[in-house]
file coords.cif (mmCIF, C-alpha atoms, pLDDT in the B column; chains and numbers go by the auth columns)
data_data
loop_
_atom_site.group_PDB
_atom_site.id
_atom_site.type_symbol
_atom_site.label_atom_id
_atom_site.label_comp_id
_atom_site.label_asym_id
_atom_site.label_seq_id
_atom_site.Cartn_x
_atom_site.Cartn_y
_atom_site.Cartn_z
_atom_site.B_iso_or_equiv
_atom_site.auth_seq_id
_atom_site.auth_asym_id
ATOM 1 C CA MET A 1 -4.680 -34.288 0.968 34.00 1 A
ATOM 2 C CA ASP A 2 -2.122 -36.377 -0.925 44.00 2 A
ATOM 3 C CA ASP A 3 0.369 -34.534 -3.055 54.00 3 A
ATOM 4 C CA GLU A 4 -0.947 -34.213 -6.560 61.00 4 A
ATOM 5 C CA LEU A 5 -0.388 -32.212 -9.713 69.00 5 A
ATOM 6 C CA VAL A 6 -3.765 -30.589 -10.243 75.00 6 A
ATOM 7 C CA SER A 7 -3.470 -29.029 -13.688 89.00 7 A
ATOM 8 C CA THR A 8 -2.278 -25.978 -15.596 93.00 8 A
ATOM 9 C CA GLN A 9 -4.075 -22.660 -15.880 95.00 9 A
ATOM 10 C CA THR A 10 -3.328 -20.776 -19.061 95.00 10 A
ATOM 11 C CA PRO A 11 -3.801 -17.015 -19.310 96.00 11 A
ATOM 12 C CA GLN A 12 -6.007 -15.725 -22.084 95.00 12 A
ATOM 13 C CA ARG A 13 -2.886 -14.058 -23.531 96.00 13 A
ATOM 14 C CA ARG A 14 0.621 -14.556 -22.205 97.00 14 A
ATOM 15 C CA LEU A 15 2.283 -11.187 -21.676 97.00 15 A
ATOM 16 C CA THR A 16 5.782 -11.144 -23.124 95.00 16 A
ATOM 17 C CA ASP A 17 6.518 -7.424 -22.693 98.00 17 A
ATOM 18 C CA PRO A 18 7.886 -6.897 -19.145 98.00 18 A
ATOM 19 C CA GLU A 19 6.587 -3.301 -18.981 98.00 19 A
ATOM 20 C CA GLU A 20 3.085 -4.454 -19.971 98.00 20 A
ATOM 21 C CA ALA A 21 3.145 -7.155 -17.280 98.00 21 A
ATOM 22 C CA LEU A 22 4.317 -4.609 -14.695 98.00 22 A
ATOM 23 C CA ALA A 23 1.569 -2.150 -15.703 98.00 23 A
ATOM 24 C CA LEU A 24 -1.020 -4.931 -15.300 98.00 24 A
ATOM 25 C CA LEU A 25 0.284 -5.675 -11.792 98.00 25 A
ATOM 26 C CA GLU A 26 0.259 -1.992 -10.861 98.00 26 A
ATOM 27 C CA CYS A 27 -3.385 -1.750 -11.966 97.00 27 A
ATOM 28 C CA ALA A 28 -4.269 -4.918 -10.057 97.00 28 A
ATOM 29 C CA VAL A 29 -2.595 -3.730 -6.841 97.00 29 A
ATOM 30 C CA PRO A 30 -3.010 0.067 -6.713 91.00 30 A
ATOM 31 C CA GLY A 31 -1.009 0.538 -3.490 95.00 31 A
ATOM 32 C CA LEU A 32 2.025 -1.046 -5.109 97.00 32 A
ATOM 33 C CA THR A 33 2.979 2.167 -6.891 97.00 33 A
ATOM 34 C CA ASP A 34 3.587 3.792 -3.487 97.00 34 A
ATOM 35 C CA LEU A 35 6.673 1.559 -3.250 97.00 35 A
ATOM 36 C CA ARG A 36 7.926 2.265 -6.776 98.00 36 A
ATOM 37 C CA ARG A 37 11.490 3.561 -6.895 98.00 37 A
ATOM 38 C CA PRO A 38 11.937 7.081 -8.341 98.00 38 A
ATOM 39 C CA THR A 39 14.527 5.724 -10.800 98.00 39 A
ATOM 40 C CA ARG A 40 15.206 2.261 -12.136 98.00 40 A
ATOM 41 C CA ALA A 41 17.660 0.380 -9.885 98.00 41 A
ATOM 42 C CA VAL A 42 20.894 -1.018 -11.270 98.00 42 A
ATOM 43 C CA ILE A 43 21.143 -4.645 -10.237 98.00 43 A
ATOM 44 C CA ASP A 44 24.105 -6.931 -10.929 98.00 44 A
ATOM 45 C CA TRP A 45 22.085 -9.388 -12.967 98.00 45 A
ATOM 46 C CA ALA A 46 25.202 -10.990 -14.457 98.00 46 A
ATOM 47 C CA GLY A 47 26.570 -11.843 -11.002 97.00 47 A
ATOM 48 C CA LEU A 48 23.224 -13.047 -9.668 97.00 48 A
ATOM 49 C CA GLU A 49 22.473 -15.146 -12.737 97.00 49 A
ATOM 50 C CA ASP A 50 26.008 -16.568 -12.735 97.00 50 A
ATOM 51 C CA GLY A 51 25.524 -17.585 -9.092 97.00 51 A
ATOM 52 C CA LEU A 52 22.179 -19.223 -9.901 96.00 52 A
ATOM 53 C CA GLY A 53 23.507 -20.884 -13.040 96.00 53 A
ATOM 54 C CA THR A 54 20.690 -19.490 -15.195 97.00 54 A
ATOM 55 C CA ARG A 55 19.317 -16.286 -16.637 97.00 55 A
ATOM 56 C CA LEU A 56 16.114 -14.948 -15.080 98.00 56 A
ATOM 57 C CA PRO A 57 12.870 -13.868 -16.783 98.00 57 A
ATOM 58 C CA SER A 58 12.736 -10.264 -18.001 98.00 58 A
ATOM 59 C CA ASP A 59 9.401 -9.533 -16.256 98.00 59 A
ATOM 60 C CA PHE A 60 10.974 -10.419 -12.896 98.00 60 A
ATOM 61 C CA LYS A 61 14.014 -8.255 -13.677 98.00 61 A
ATOM 62 C CA CYS A 62 11.777 -5.322 -14.579 98.00 62 A
ATOM 63 C CA LEU A 63 9.802 -5.745 -11.348 98.00 63 A
ATOM 64 C CA ALA A 64 13.015 -5.873 -9.280 98.00 64 A
ATOM 65 C CA GLU A 65 14.462 -2.801 -10.971 98.00 65 A
ATOM 66 C CA TRP A 66 11.391 -0.757 -10.043 98.00 66 A
ATOM 67 C CA TYR A 67 10.427 -2.291 -6.677 98.00 67 A
ATOM 68 C CA PRO A 68 11.983 -3.551 -3.447 97.00 68 A
ATOM 69 C CA THR A 69 10.890 -6.831 -1.882 96.00 69 A
ATOM 70 C CA PHE A 70 7.215 -6.505 -0.947 97.00 70 A
ATOM 71 C CA ASP A 71 4.371 -8.325 0.707 95.00 71 A
ATOM 72 C CA ILE A 72 0.818 -8.448 -0.644 96.00 72 A
ATOM 73 C CA GLY A 73 -1.941 -8.705 1.929 94.00 73 A
ATOM 74 C CA GLY A 74 0.319 -9.986 4.693 94.00 74 A
ATOM 75 C CA PHE A 75 0.225 -13.243 2.717 96.00 75 A
ATOM 76 C CA LEU A 76 2.481 -13.346 -0.332 96.00 76 A
ATOM 77 C CA LEU A 77 6.129 -12.285 -0.084 96.00 77 A
ATOM 78 C CA VAL A 78 7.811 -11.434 -3.389 97.00 78 A
ATOM 79 C CA ARG A 79 11.587 -11.588 -2.873 94.00 79 A
ATOM 80 C CA LEU A 80 13.511 -9.161 -5.071 97.00 80 A
ATOM 81 C CA PRO A 81 17.230 -8.354 -5.221 97.00 81 A
ATOM 82 C CA GLU A 82 18.455 -4.989 -3.967 96.00 82 A
ATOM 83 C CA PRO A 83 21.332 -3.144 -5.645 97.00 83 A
ATOM 84 C CA GLY A 84 24.569 -4.102 -3.912 96.00 84 A
ATOM 85 C CA GLU A 85 22.874 -6.920 -1.975 95.00 85 A
ATOM 86 C CA GLU A 86 22.493 -9.468 -4.760 96.00 86 A
ATOM 87 C CA GLY A 87 24.516 -11.963 -2.699 95.00 87 A
ATOM 88 C CA ARG A 88 21.820 -11.927 -0.032 95.00 88 A
ATOM 89 C CA ILE A 89 19.060 -12.923 -2.466 95.00 89 A
ATOM 90 C CA LEU A 90 21.388 -15.516 -4.005 96.00 90 A
ATOM 91 C CA GLN A 91 22.001 -17.081 -0.574 96.00 91 A
ATOM 92 C CA GLY A 92 18.285 -16.917 0.261 94.00 92 A
ATOM 93 C CA THR A 93 17.458 -18.660 -3.012 95.00 93 A
ATOM 94 C CA ARG A 94 20.047 -21.362 -2.336 94.00 94 A
ATOM 95 C CA ASP A 95 18.596 -21.854 1.151 92.00 95 A
ATOM 96 C CA SER A 96 15.075 -22.110 -0.317 90.00 96 A
ATOM 97 C CA LEU A 97 16.291 -24.634 -2.886 90.00 97 A
ATOM 98 C CA SER A 98 17.727 -26.753 -0.087 88.00 98 A
ATOM 99 C CA VAL A 99 14.416 -26.667 1.808 85.00 99 A
ATOM 100 C CA LEU A 100 12.513 -27.494 -1.380 83.00 100 A
ATOM 101 C CA ALA A 101 14.749 -30.449 -2.167 80.00 101 A
ATOM 102 C CA ASP A 102 14.560 -31.808 1.380 79.00 102 A
ATOM 103 C CA ALA A 103 10.911 -31.339 2.229 74.00 103 A
ATOM 104 C CA TRP A 104 8.716 -30.234 -0.658 71.00 104 A
ATOM 105 C CA LEU A 105 9.587 -31.597 -4.051 71.00 105 A
ATOM 106 C CA GLU A 106 7.861 -34.556 -5.605 67.00 106 A
ATOM 107 C CA PRO A 107 10.180 -36.480 -7.940 71.00 107 A
ATOM 108 C CA ALA A 108 7.307 -38.874 -8.744 72.00 108 A
ATOM 109 C CA LEU A 109 5.468 -35.874 -10.243 69.00 109 A
ATOM 110 C CA GLY A 110 8.584 -34.747 -12.125 71.00 110 A
ATOM 111 C CA LEU A 111 9.066 -31.843 -9.708 80.00 111 A
ATOM 112 C CA LEU A 112 12.767 -31.410 -8.982 86.00 112 A
ATOM 113 C CA ALA A 113 14.848 -28.491 -7.733 89.00 113 A
ATOM 114 C CA HIS A 114 16.955 -26.251 -9.942 93.00 114 A
ATOM 115 C CA PRO A 115 19.614 -26.873 -11.321 91.00 115 A
ATOM 116 C CA ALA A 116 18.067 -30.175 -12.438 88.00 116 A
ATOM 117 C CA PRO A 117 16.804 -29.848 -16.028 89.00 117 A
ATOM 118 C CA GLY A 118 13.429 -28.107 -15.790 89.00 118 A
ATOM 119 C CA GLY A 119 13.973 -27.787 -12.043 92.00 119 A
ATOM 120 C CA LEU A 120 11.946 -25.450 -9.878 93.00 120 A
ATOM 121 C CA LEU A 121 13.438 -22.093 -8.871 96.00 121 A
ATOM 122 C CA PRO A 122 11.641 -20.180 -6.072 96.00 122 A
ATOM 123 C CA TRP A 123 10.707 -16.497 -6.359 96.00 123 A
ATOM 124 C CA GLY A 124 8.082 -16.107 -3.624 96.00 124 A
ATOM 125 C CA GLU A 125 6.314 -17.715 -0.712 95.00 125 A
ATOM 126 C CA SER A 126 3.282 -17.202 1.478 96.00 126 A
ATOM 127 C CA CYS A 127 3.000 -16.831 5.229 94.00 127 A
ATOM 128 C CA ASP A 128 1.263 -20.234 5.105 93.00 128 A
ATOM 129 C CA SER A 129 4.348 -21.811 3.451 90.00 129 A
ATOM 130 C CA ASP A 130 2.844 -21.988 -0.032 93.00 130 A
ATOM 131 C CA LYS A 131 5.685 -21.879 -2.588 93.00 131 A
ATOM 132 C CA PHE A 132 5.789 -19.863 -5.824 96.00 132 A
ATOM 133 C CA MET A 133 8.422 -21.000 -8.319 96.00 133 A
ATOM 134 C CA TRP A 134 9.418 -21.055 -11.937 97.00 134 A
ATOM 135 C CA SER A 135 9.570 -24.329 -13.830 95.00 135 A
ATOM 136 C CA THR A 136 12.821 -23.727 -15.690 96.00 136 A
ATOM 137 C CA THR A 137 11.737 -25.439 -18.902 93.00 137 A
ATOM 138 C CA GLY A 138 11.659 -23.973 -22.379 91.00 138 A
ATOM 139 C CA PRO A 139 14.154 -22.366 -24.730 93.00 139 A
ATOM 140 C CA SER A 140 14.544 -19.242 -22.577 96.00 140 A
ATOM 141 C CA PRO A 141 13.466 -17.856 -19.176 98.00 141 A
ATOM 142 C CA GLN A 142 10.703 -15.912 -20.976 97.00 142 A
ATOM 143 C CA ASP A 143 9.086 -19.301 -21.654 96.00 143 A
ATOM 144 C CA TRP A 144 9.125 -20.482 -18.035 97.00 144 A
ATOM 145 C CA VAL A 145 5.819 -21.083 -16.304 96.00 145 A
ATOM 146 C CA VAL A 146 4.935 -20.553 -12.667 97.00 146 A
ATOM 147 C CA THR A 147 4.528 -23.594 -10.443 94.00 147 A
ATOM 148 C CA VAL A 148 2.597 -23.296 -7.192 94.00 148 A
ATOM 149 C CA ALA A 149 2.903 -25.724 -4.290 89.00 149 A
ATOM 150 C CA THR A 150 0.157 -25.184 -1.724 88.00 150 A
ATOM 151 C CA ARG A 151 0.546 -26.174 1.901 84.00 151 A
ATOM 152 C CA GLY A 152 -2.386 -28.561 1.373 80.00 152 A
ATOM 153 C CA GLY A 153 -0.272 -30.608 -1.023 78.00 153 A
ATOM 154 C CA ALA A 154 -1.690 -29.497 -4.372 81.00 154 A
ATOM 155 C CA TRP A 155 0.783 -28.608 -7.122 87.00 155 A
ATOM 156 C CA TRP A 156 -0.266 -26.656 -10.191 93.00 156 A
ATOM 157 C CA HIS A 157 1.153 -24.653 -13.063 94.00 157 A
ATOM 158 C CA TYR A 158 0.282 -21.245 -14.464 97.00 158 A
ATOM 159 C CA GLY A 159 1.218 -20.822 -18.130 96.00 159 A
ATOM 160 C CA GLY A 160 2.518 -17.272 -17.813 97.00 160 A
ATOM 161 C CA GLY A 161 5.239 -15.290 -16.102 98.00 161 A
ATOM 162 C CA ALA A 162 5.529 -14.427 -12.413 98.00 162 A
ATOM 163 C CA VAL A 163 4.411 -10.795 -12.756 98.00 163 A
ATOM 164 C CA GLN A 164 1.342 -11.729 -14.809 98.00 164 A
ATOM 165 C CA PHE A 165 0.593 -14.488 -12.289 98.00 165 A
ATOM 166 C CA LEU A 166 0.651 -11.941 -9.449 98.00 166 A
ATOM 167 C CA ALA A 167 -1.657 -9.586 -11.357 98.00 167 A
ATOM 168 C CA GLU A 168 -4.160 -12.305 -12.229 97.00 168 A
ATOM 169 C CA TYR A 169 -4.103 -13.773 -8.715 97.00 169 A
ATOM 170 C CA CYS A 170 -4.719 -10.331 -7.186 96.00 170 A
ATOM 171 C CA THR A 171 -7.583 -9.487 -9.559 95.00 171 A
ATOM 172 C CA GLY A 172 -9.277 -12.870 -9.112 94.00 172 A
ATOM 173 C CA ILE A 173 -8.923 -13.815 -12.793 94.00 173 A
ATOM 174 C CA LEU A 174 -6.868 -16.800 -11.708 93.00 174 A
ATOM 175 C CA GLU A 175 -8.585 -19.745 -10.042 90.00 175 A
ATOM 176 C CA PRO A 176 -6.572 -19.889 -6.783 88.00 176 A
ATOM 177 C CA TRP A 177 -6.615 -23.708 -6.419 88.00 177 A
ATOM 178 C CA GLY A 178 -5.796 -24.043 -2.729 87.00 178 A
ATOM 179 C CA LEU A 179 -4.760 -20.425 -2.159 91.00 179 A
ATOM 180 C CA PRO A 180 -6.949 -18.013 -0.205 90.00 180 A
ATOM 181 C CA PRO A 181 -8.390 -14.810 -1.672 90.00 181 A
ATOM 182 C CA ILE A 182 -5.769 -12.099 -1.289 92.00 182 A
ATOM 183 C CA ASP A 183 -6.005 -8.735 0.423 92.00 183 A
ATOM 184 C CA LEU A 184 -4.514 -6.068 -1.838 93.00 184 A
ATOM 185 C CA GLU A 185 -2.715 -4.122 0.908 91.00 185 A
ATOM 186 C CA VAL A 186 0.972 -3.855 -0.011 92.00 186 A
ATOM 187 C CA LEU A 187 3.819 -3.437 2.434 87.00 187 A
ATOM 188 C CA PRO A 188 7.568 -3.209 1.968 88.00 188 A
ATOM 189 C CA SER A 189 9.296 -6.167 3.503 81.00 189 A
#
call {"tool": "encode", "arguments": {"input": "coords.cif", "output": "structure tokens"}}
result
Amino acid sequence: MDDELVSTQTPQRRLTDPEEALALLECAVPGLTDLRRPTRAVIDWAGLEDGLGTRLPSDFKCLAEWYPTFDIGGFLLVRLPEPGEEGRILQGTRDSLSVLADAWLEPALGLLAHPAPGGLLPWGESCDSDKFMWSTTGPSPQDWVVTVATRGGAWWHYGGGAVQFLAEYCTGILEPWGLPPIDLEVLPS
């Protein structure tokens, strides 16, 4: 299939409260709560965001403060920073940006890598090499949408945050457009 921008899916209501988005994900993926930290982690967001050159969405920060990196269904890896190891996620993100710029992005579709204005910033990937990213457009990170690049070449947007995207993908509310149905087994990664 030729690379193409399919369309945008818009949630019925965009969740702006990070705790509400996290609760929706925990309901969608019941086994996730087995990985929940007993207390909220302290992550050096200032250092990580300084290294990335941008602030990050509050729903992602909330998820990372309560959960370690995890894998849903042996398919979707959600990379999250660990306290004291923020440099590792920063380096991994930089490496992913390099791969995106070299092999994935489609300038003809307006899809460029961060730090280009509106550039894509990865937050997850699948075992099939599908990419899950934020389109860094809008007045603040809370306005960013998710962009999905499937291994089949389809690109599409989801008009909500990453945590809401995960919840709606796992519950089947989201039309997966090139992604397989997902098994809800959750494993630490």
call {"tool": "resolve_selection", "arguments": {"input": "coords.cif", "expression": "the PyMOL selection byres ((chain A and resi 68-75) around 7)", "output": "number ranges by chain"}}
result
A: 64, 67, 76-80, 82, 126-127, 182-189
call {"tool": "closest_residue", "arguments": {"input": "coords.cif", "among": "A:Pro115, A:Ala154, A:Trp45, A:Gly161", "to": "A:Gly178", "atoms": "all atoms listed in the file"}}
result
A:Ala154
call {"tool": "closest_residue", "arguments": {"input": "coords.cif", "among": "A:Leu22, A:Leu105, A:Ala116, A:Ile89", "to": "A:Gly51", "atoms": "only C-alpha atoms"}}
result
A:Ile89
call {"tool": "axis_aligned_box", "arguments": {"input": "coords.cif", "around": "stretch 123-142 of chain A", "padding_each_side": "4 Å", "output": "JSON"}}
result
{"center_x": 7.9, "center_y": -20.7, "center_z": -9.8, "size_x": 21.3, "size_y": 17.5, "size_z": 38.0}
call {"tool": "closest_residue", "arguments": {"input": "coords.cif", "among": "A:Leu63, A:Ala108, A:Ala101, A:Ala113", "to": "A:Glu26", "atoms": "all atoms listed in the file"}}
result
A:Leu63
call {"tool": "closest_residue", "arguments": {"input": "coords.cif", "among": "A:Thr33, A:Gln164, A:Thr8, A:Gln91", "to": "A:Pro57", "atoms": "all atoms listed in the file"}}
result
A:Gln164
call {"tool": "closest_residue", "arguments": {"input": "coords.cif", "among": "A:Gly87, A:Pro18, A:Glu65, A:Phe60", "to": "A:Leu48", "atoms": "all atoms listed in the file"}}
result
A:Gly87
call {"tool": "resolve_selection", "arguments": {"input": "coords.cif", "expression": "the PyMOL selection byres ((chain A and resi 166-168) around 10)", "output": "VMD selection string"}}
result
chain A and resid 11 21 to 29 72 76 78 161 to 165 169 to 176
call {"tool": "closest_residue", "arguments": {"input": "coords.cif", "among": "A:Trp104, A:Trp156, A:Phe132, A:Trp144", "to": "A:Asp59", "atoms": "only C-alpha atoms"}}
result
A:Trp144
call {"tool": "resolve_selection", "arguments": {"input": "coords.cif", "expression": "the PyMOL selection byres ((chain A and resi 14) around 9)", "output": "list of chain:residue names"}}
result
A:Thr10, A:Pro11, A:Gln12, A:Arg13, A:Leu15, A:Thr16, A:Gly159, A:Gly160, A:Gly161, A:Gln164
call {"tool": "residues_around", "arguments": {"input": "coords.cif", "residues": "A:Gly118", "least_positions_apart": "2", "cutoff": "6 Å", "atoms": "only C-alpha atoms", "output": "list in words"}}
result
Ser135, Thr136 and Thr137 of chain A
call {"tool": "atom_distance", "arguments": {"input": "coords.cif", "atom1": "atom CA of A:Glu86", "atom2": "atom CA of A:Gly138"}}
result
25.3 Å
call {"tool": "atom_distance", "arguments": {"input": "coords.cif", "atom1": "atom CA of A:Gly110", "atom2": "atom CA of A:Leu56"}}
result
21.4 Å
call {"tool": "decode", "arguments": {"input": "coords.cif", "residues": "stretch 53-152 of chain A", "atoms": "C-alpha atoms", "output": "PDB file, in the first residue's frame"}}
result
ATOM      1  CA  GLY A  53      12.924  20.811  23.880  1.00  0.00           C
ATOM      2  CA  THR A  54       9.212  20.670  24.733  1.00  0.00           C
ATOM      3  CA  ARG A  55       6.806  20.077  27.577  1.00  0.00           C
ATOM      4  CA  LEU A  56       4.891  16.790  27.534  1.00  0.00           C
ATOM      5  CA  PRO A  57       1.136  16.179  27.876  1.00  0.00           C
ATOM      6  CA  SER A  58      -0.199  15.891  31.428  1.00  0.00           C
ATOM      7  CA  ASP A  59      -2.024  12.589  30.744  1.00  0.00           C
ATOM      8  CA  PHE A  60       1.285  10.975  29.747  1.00  0.00           C
ATOM      9  CA  LYS A  61       2.985  12.397  32.849  1.00  0.00           C
ATOM     10  CA  CYS A  62       0.224  11.030  35.069  1.00  0.00           C
ATOM     11  CA  LEU A  63       0.515   7.600  33.438  1.00  0.00           C
ATOM     12  CA  ALA A  64       4.309   7.586  33.903  1.00  0.00           C
ATOM     13  CA  GLU A  65       4.067   8.641  37.539  1.00  0.00           C
ATOM     14  CA  TRP A  66       1.799   5.689  38.318  1.00  0.00           C
ATOM     15  CA  TYR A  67       3.151   3.022  35.936  1.00  0.00           C
ATOM     16  CA  PRO A  68       6.429   1.629  34.611  1.00  0.00           C
ATOM     17  CA  THR A  69       6.918   0.921  30.915  1.00  0.00           C
ATOM     18  CA  PHE A  70       4.419  -1.767  29.906  1.00  0.00           C
ATOM     19  CA  ASP A  71       3.321  -3.905  27.015  1.00  0.00           C
ATOM     20  CA  ILE A  72      -0.306  -4.552  26.071  1.00  0.00           C
ATOM     21  CA  GLY A  73      -1.048  -7.902  24.481  1.00  0.00           C
ATOM     22  CA  GLY A  74       2.540  -8.565  23.444  1.00  0.00           C
ATOM     23  CA  PHE A  75       1.831  -5.947  20.768  1.00  0.00           C
ATOM     24  CA  LEU A  76       1.949  -2.347  21.960  1.00  0.00           C
ATOM     25  CA  LEU A  77       4.888  -1.080  24.021  1.00  0.00           C
ATOM     26  CA  VAL A  78       4.255   2.122  25.975  1.00  0.00           C
ATOM     27  CA  ARG A  79       7.631   3.642  26.891  1.00  0.00           C
ATOM     28  CA  LEU A  80       7.584   5.555  30.172  1.00  0.00           C
ATOM     29  CA  PRO A  81      10.395   7.259  32.097  1.00  0.00           C
ATOM     30  CA  GLU A  82      11.596   5.748  35.363  1.00  0.00           C
ATOM     31  CA  PRO A  83      12.704   7.912  38.292  1.00  0.00           C
ATOM     32  CA  GLY A  84      16.452   8.455  38.057  1.00  0.00           C
ATOM     33  CA  GLU A  85      16.594   6.996  34.534  1.00  0.00           C
ATOM     34  CA  GLU A  86      15.088   9.882  32.587  1.00  0.00           C
ATOM     35  CA  GLY A  87      18.267  10.068  30.482  1.00  0.00           C
ATOM     36  CA  ARG A  88      17.586   6.577  29.167  1.00  0.00           C
ATOM     37  CA  ILE A  89      14.119   7.482  27.866  1.00  0.00           C
ATOM     38  CA  LEU A  90      15.521  10.736  26.467  1.00  0.00           C
ATOM     39  CA  GLN A  91      18.194   8.813  24.529  1.00  0.00           C
ATOM     40  CA  GLY A  92      15.630   6.239  23.376  1.00  0.00           C
ATOM     41  CA  THR A  93      13.366   9.027  22.136  1.00  0.00           C
ATOM     42  CA  ARG A  94      16.250  10.673  20.284  1.00  0.00           C
ATOM     43  CA  ASP A  95      17.121   7.320  18.700  1.00  0.00           C
ATOM     44  CA  SER A  96      13.474   6.827  17.665  1.00  0.00           C
ATOM     45  CA  LEU A  97      13.381  10.328  16.189  1.00  0.00           C
ATOM     46  CA  SER A  98      16.445   9.506  14.111  1.00  0.00           C
ATOM     47  CA  VAL A  99      14.821   6.310  12.804  1.00  0.00           C
ATOM     48  CA  LEU A 100      11.597   8.190  12.070  1.00  0.00           C
ATOM     49  CA  ALA A 101      13.405  10.915  10.159  1.00  0.00           C
ATOM     50  CA  ASP A 102      15.462   8.432   8.143  1.00  0.00           C
ATOM     51  CA  ALA A 103      12.915   5.779   7.293  1.00  0.00           C
ATOM     52  CA  TRP A 104       9.335   6.630   8.210  1.00  0.00           C
ATOM     53  CA  LEU A 105       8.324  10.234   7.870  1.00  0.00           C
ATOM     54  CA  GLU A 106       6.486  11.602   4.887  1.00  0.00           C
ATOM     55  CA  PRO A 107       7.331  15.266   4.263  1.00  0.00           C
ATOM     56  CA  ALA A 108       4.903  15.274   1.307  1.00  0.00           C
ATOM     57  CA  LEU A 109       2.117  14.562   3.828  1.00  0.00           C
ATOM     58  CA  GLY A 110       3.409  17.247   6.203  1.00  0.00           C
ATOM     59  CA  LEU A 111       4.736  14.587   8.585  1.00  0.00           C
ATOM     60  CA  LEU A 112       8.082  15.706   9.984  1.00  0.00           C
ATOM     61  CA  ALA A 113      10.042  14.773  13.099  1.00  0.00           C
ATOM     62  CA  HIS A 114      10.166  16.848  16.263  1.00  0.00           C
ATOM     63  CA  PRO A 115      11.633  19.484  16.770  1.00  0.00           C
ATOM     64  CA  ALA A 116      10.238  20.704  13.438  1.00  0.00           C
ATOM     65  CA  PRO A 117       7.134  22.842  14.053  1.00  0.00           C
ATOM     66  CA  GLY A 118       4.273  20.391  14.591  1.00  0.00           C
ATOM     67  CA  GLY A 119       6.788  17.555  14.326  1.00  0.00           C
ATOM     68  CA  LEU A 120       6.022  14.035  15.458  1.00  0.00           C
ATOM     69  CA  LEU A 121       7.302  12.857  18.846  1.00  0.00           C
ATOM     70  CA  PRO A 122       7.144   9.084  19.529  1.00  0.00           C
ATOM     71  CA  TRP A 123       5.676   7.625  22.729  1.00  0.00           C
ATOM     72  CA  GLY A 124       5.037   3.998  21.752  1.00  0.00           C
ATOM     73  CA  GLU A 125       5.492   1.318  19.143  1.00  0.00           C
ATOM     74  CA  SER A 126       4.197  -2.117  18.262  1.00  0.00           C
ATOM     75  CA  CYS A 127       6.037  -5.384  17.789  1.00  0.00           C
ATOM     76  CA  ASP A 128       5.066  -5.020  14.110  1.00  0.00           C
ATOM     77  CA  SER A 129       6.865  -1.635  13.912  1.00  0.00           C
ATOM     78  CA  ASP A 130       3.701   0.464  13.964  1.00  0.00           C
ATOM     79  CA  LYS A 131       4.540   3.891  15.437  1.00  0.00           C
ATOM     80  CA  PHE A 132       2.492   5.865  17.977  1.00  0.00           C
ATOM     81  CA  MET A 133       3.385   9.552  18.214  1.00  0.00           C
ATOM     82  CA  TRP A 134       2.151  12.964  19.175  1.00  0.00           C
ATOM     83  CA  SER A 135       1.691  15.644  16.542  1.00  0.00           C
ATOM     84  CA  THR A 136       3.184  18.553  18.465  1.00  0.00           C
ATOM     85  CA  THR A 137       0.741  21.155  17.163  1.00  0.00           C
ATOM     86  CA  GLY A 138      -1.508  23.414  19.182  1.00  0.00           C
ATOM     87  CA  PRO A 139      -1.056  26.006  21.905  1.00  0.00           C
ATOM     88  CA  SER A 140       0.013  23.438  24.514  1.00  0.00           C
ATOM     89  CA  PRO A 141       0.859  19.717  24.811  1.00  0.00           C
ATOM     90  CA  GLN A 142      -2.691  19.136  26.123  1.00  0.00           C
ATOM     91  CA  ASP A 143      -3.880  19.999  22.602  1.00  0.00           C
ATOM     92  CA  TRP A 144      -1.623  17.512  20.808  1.00  0.00           C
ATOM     93  CA  VAL A 145      -3.235  14.678  18.894  1.00  0.00           C
ATOM     94  CA  VAL A 146      -1.971  11.149  18.407  1.00  0.00           C
ATOM     95  CA  THR A 147      -0.589  10.175  15.016  1.00  0.00           C
ATOM     96  CA  VAL A 148      -0.358   6.510  14.066  1.00  0.00           C
ATOM     97  CA  ALA A 149       1.895   5.145  11.332  1.00  0.00           C
ATOM     98  CA  THR A 150       1.041   1.542  10.491  1.00  0.00           C
ATOM     99  CA  ARG A 151       3.556  -0.838   8.982  1.00  0.00           C
ATOM    100  CA  GLY A 152       1.235  -1.084   5.960  1.00  0.00           C
TER     101      GLY A 152
END
